[in-house]
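Reading through the structure tokens given below for one structure.
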Amino acid sequence: MNYKLVLPILVLITTLTACQPTKPEPVSENSNPAPLAQTQPDQATQPTQQDATMGEVQIKAEVWADNWFAFYLGDQLIKEDSVPITTERSFNSETFTFNASYPMTFNFIAKDFKENDTGLEYIGTQRQQMGDGGLIAQFTNVQTGEIIAVTDANWSCSVIHEAPLDKSCERESNPVAGTMPCGYTSLEEPTGWTSADFDFSTWSKATVYSAQQVGPKDGYDQIRWNSSAQFIWGPDLETDNTILCKLTVTP
Ligand SMILES: [Ca+2]
Ligand SMILES: [Ca+2]
């Protein structure tokens with residue numbers, strides 16, 4: 001046939017074929033490094049998240065006190081009873097959450113209501129009495145539901161307000177604080193007592209009481225108490241009016 005036509009066609013086909021592999025397909029594959037870029041941030045954020053949560057536990061605290069409490073994690077005030085101690089009948093439970101790392105230092109200051117330093121309440125009425133205290137609390141790991149700590153004899157406590165020093169004060173027609181039988185002992189909170197490094201080795205173990213002895217009132221039944229949680233107070237439920245209690249919590 002016409003060889004003058006066949007040759008240019010062959011050249012053209014050869015040229016086209018040669019051009020084919022130079023198509024930018026490999027380039028488009030290379031421009032796909034998105035998966036790599038995604039894994040890098042993941043690897044970078046994982047250690048950061050672990051650092052932030054390392055040893056940190058979210059804790060739910062449930063507390064019932066007759067009549068008032070404040071709870072400190074170390075030196076940090078976490079919760080103060082929402083009903084002030086100046087309220088004569090302040091019976092309520094409190095539920096709150098906080099984060100903490102082991103070892104944890106739990107501190108309570110708890111107060112029984114008293115009208116004045118006689119330690120009495122309803123003074124001058126038929127109901128004039130010493131009144132009694134009582135504190136129960138449980139601490140739960142929010143994530144696992146595990147009990148971390150409860151009030152029991154493992155706590156160490158110190159009584160800083162005691163009155164009356166003679167219980168017959170309760171029957172005085174005109175009880176005067178500081179005049180026997182209505183003597184009292186009132187101490188300042190020791191400096192730094194909430195700190196983890198405070199030496200409380202001289203404090204007494206908490207005294208444990210039954211629910212029958214304390215007679216818990218409003219708010220107590222709203223909480224599902226673990227059977228290990230016990231009422232604690234000083235050695236005398238009636239005349240110990242302000243107590244400090246500490247517990248070091250380890251995993
Ligand atoms: Ca009371
Ligand atoms: Ca009392």
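Each chain of the structure tokens is named A, B, ... in the order shown, its residues numbered from 1; ligands are numbered from 1 in display order.
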Closest contacts (chain A/ligand 2, max 6 Å, only C-alpha atoms and all ligand atoms) as JSON lines:
{"residue": "A:Asp112", "atom": "CA", "partner": "ligand 2", "partner_atom_place_in_ligand_line": "1 (Ca)", "distance": 5.4}
{"residue": "A:Gly119", "atom": "CA", "partner": "ligand 2", "partner_atom_place_in_ligand_line": "1 (Ca)", "distance": 5.4}
{"residue": "A:Met130", "atom": "CA", "partner": "ligand 2", "partner_atom_place_in_ligand_line": "1 (Ca)", "distance": 4.7}
{"residue": "A:Gly131", "atom": "CA", "partner": "ligand 2", "partner_atom_place_in_ligand_line": "1 (Ca)", "distance": 4.3}
{"residue": "A:Asp132", "atom": "CA", "partner": "ligand 2", "partner_atom_place_in_ligand_line": "1 (Ca)", "distance": 4.5}
{"residue": "A:Glu238", "atom": "CA", "partner": "ligand 2", "partner_atom_place_in_ligand_line": "1 (Ca)", "distance": 4.2}
{"residue": "A:Thr239", "atom": "CA", "partner": "ligand 2", "partner_atom_place_in_ligand_line": "1 (Ca)", "distance": 4.7}
{"residue": "A:Asp240", "atom": "CA", "partner": "ligand 2", "partner_atom_place_in_ligand_line": "1 (Ca)", "distance": 5.9}
{"residue": "A:Asn241", "atom": "CA", "partner": "ligand 2", "partner_atom_place_in_ligand_line": "1 (Ca)", "distance": 4.8}
Writing out the chosen residues with N, CA and C atoms as a short mmCIF file (atom, residue, chain, number, x, y, z; two decimals), in the first residue's frame:
data_model
loop_
_atom_site.label_atom_id
_atom_site.label_comp_id
_atom_site.auth_asym_id
_atom_site.auth_seq_id
_atom_site.Cartn_x
_atom_site.Cartn_y
_atom_site.Cartn_z
N ASP A 112 -21.44 19.33 115.50
CA ASP A 112 -22.78 19.15 116.03
C ASP A 112 -23.32 20.54 116.36
N GLY A 119 -22.61 23.95 124.79
CA GLY A 119 -22.82 22.74 124.00
C GLY A 119 -24.29 22.36 123.92
N MET A 130 -28.14 18.26 125.15
CA MET A 130 -26.79 18.35 124.62
C MET A 130 -26.76 18.20 123.11
N GLY A 131 -27.70 17.44 122.58
CA GLY A 131 -27.67 17.17 121.15
C GLY A 131 -26.54 16.21 120.84
N ASP A 132 -26.65 15.50 119.74
CA ASP A 132 -25.56 14.59 119.38
C ASP A 132 -25.15 14.75 117.92
N GLU A 238 -22.36 12.98 122.36
CA GLU A 238 -23.10 14.16 122.84
C GLU A 238 -22.21 15.37 123.13
N THR A 239 -21.11 15.13 123.84
CA THR A 239 -20.32 16.28 124.29
C THR A 239 -19.17 16.64 123.34
N ASP A 240 -18.86 15.78 122.38
CA ASP A 240 -17.87 16.15 121.35
C ASP A 240 -18.64 16.91 120.28
N ASN A 241 -18.36 18.19 120.17
CA ASN A 241 -19.18 19.04 119.30
C ASN A 241 -18.53 19.41 117.98
#
Test item: residues no farther than 9 Å from ligand 1, counting only C-alpha atoms and all ligand atoms, as a list in words: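 I would give the residues around ligand 1 as Ala65, Asp66, Asn67, Trp68, Glu88, Arg89, Ser90, Phe91, Lys111, Asp112, Phe113, Lys114, Glu121, Met130, Gly131, Asp132, Gly133, Gly134, Glu238 and Asn241 of chain A.
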Mind checking which residues fall within 10 Å of Tyr220 of chain A, counting only C-alpha atoms, ignoring those fewer than 6 positions away in the same chain, and posting them as a ChimeraX atom specification? /A:62-65,91-94,136
Work out how far atom CA of Arg224 of chain A is from atom CA of Tyr209 of chain A, in Å to one decimal.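 These atoms are spaced 18.2 Å apart.
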Contact residues around Asp199 of chain A with only C-alpha atoms at 12 Å, ignoring same-chain residues under 4 positions, as an mmCIF file with C-alpha atoms, in the first residue's frame:
data_model
loop_
_atom_site.group_PDB
_atom_site.id
_atom_site.type_symbol
_atom_site.label_atom_id
_atom_site.label_comp_id
_atom_site.auth_asym_id
_atom_site.auth_seq_id
_atom_site.Cartn_x
_atom_site.Cartn_y
_atom_site.Cartn_z
ATOM 1 C CA SER A 156 -8.102 9.429 112.797
ATOM 2 C CA PRO A 190 -4.182 23.017 114.273
ATOM 3 C CA THR A 191 -2.229 24.912 111.619
ATOM 4 C CA GLY A 192 -1.929 22.923 108.405
ATOM 5 C CA TRP A 193 -4.046 20.023 109.680
ATOM 6 C CA THR A 194 -5.526 19.333 106.221
ATOM 7 C CA SER A 195 -2.096 18.877 104.595
ATOM 8 C CA TRP A 203 -4.958 11.613 117.074
ATOM 9 C CA LYS A 246 -8.310 12.471 108.472
ATOM 10 C CA LEU A 247 -7.707 9.476 106.244
ATOM 11 C CA THR A 248 -4.879 8.783 103.805
#
Which residue is closest to Asp75 of chain A? Choose from A:Ala196, A:Met180, A:Ile109, A:Ala206 and count only C-alpha atoms.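 Nearest to Asp75 of chain A: A:Ala196.
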Would you kindly return, as a list in words, each protein, DNA or RNA residue with an atom no farther than 9 Å from any atom of segment 172-178 of chain A, considering only C-alpha atoms and excluding same-chain residues fewer than 6 positions away?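 The contact residues come out as Asn116, Asp117, Thr118, Gly119, Leu120, Ile123, Gly124, Ala163, Pro164, Tyr184 and Thr185 of chain A.
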Would you save the residues from that selection as a PDB file, in the first residue's frame, using N, CA and C atoms?
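Output (part-v5.pdb):
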ATOM      1  N   ASN A 116     -24.453  27.669 122.087  1.00  0.00           N
ATOM      2  CA  ASN A 116     -23.286  28.443 122.544  1.00  0.00           C
ATOM      3  C   ASN A 116     -22.284  27.454 123.139  1.00  0.00           C
ATOM      4  N   ASP A 117     -21.288  27.954 123.863  1.00  0.00           N
ATOM      5  CA  ASP A 117     -20.223  27.080 124.370  1.00  0.00           C
ATOM      6  C   ASP A 117     -20.661  26.143 125.499  1.00  0.00           C
ATOM      7  N   THR A 118     -21.916  26.245 125.932  1.00  0.00           N
ATOM      8  CA  THR A 118     -22.404  25.222 126.859  1.00  0.00           C
ATOM      9  C   THR A 118     -22.533  23.889 126.123  1.00  0.00           C
ATOM     10  N   GLY A 119     -22.608  23.946 124.792  1.00  0.00           N
ATOM     11  CA  GLY A 119     -22.816  22.743 124.000  1.00  0.00           C
ATOM     12  C   GLY A 119     -24.286  22.362 123.918  1.00  0.00           C
ATOM     13  N   LEU A 120     -25.141  23.132 124.588  1.00  0.00           N
ATOM     14  CA  LEU A 120     -26.568  22.787 124.635  1.00  0.00           C
ATOM     15  C   LEU A 120     -27.330  23.386 123.460  1.00  0.00           C
ATOM     16  N   ILE A 123     -31.994  25.845 124.561  1.00  0.00           N
ATOM     17  CA  ILE A 123     -31.751  26.327 125.930  1.00  0.00           C
ATOM     18  C   ILE A 123     -32.980  27.071 126.473  1.00  0.00           C
ATOM     19  N   GLY A 124     -33.340  26.740 127.701  1.00  0.00           N
ATOM     20  CA  GLY A 124     -34.457  27.412 128.365  1.00  0.00           C
ATOM     21  C   GLY A 124     -35.811  26.830 128.012  1.00  0.00           C
ATOM     22  N   ALA A 163     -18.192  20.099 125.041  1.00  0.00           N
ATOM     23  CA  ALA A 163     -19.058  20.787 126.026  1.00  0.00           C
ATOM     24  C   ALA A 163     -20.413  20.078 126.079  1.00  0.00           C
ATOM     25  N   PRO A 164     -21.048  20.047 127.225  1.00  0.00           N
ATOM     26  CA  PRO A 164     -20.515  20.513 128.497  1.00  0.00           C
ATOM     27  C   PRO A 164     -19.550  19.478 129.089  1.00  0.00           C
ATOM     28  N   TYR A 184     -16.297  24.116 129.287  1.00  0.00           N
ATOM     29  CA  TYR A 184     -16.086  23.666 127.896  1.00  0.00           C
ATOM     30  C   TYR A 184     -14.620  23.721 127.522  1.00  0.00           C
ATOM     31  N   THR A 185     -14.234  22.983 126.511  1.00  0.00           N
ATOM     32  CA  THR A 185     -12.902  23.053 125.920  1.00  0.00           C
ATOM     33  C   THR A 185     -13.062  23.430 124.451  1.00  0.00           C
TER      34      THR A 185
END
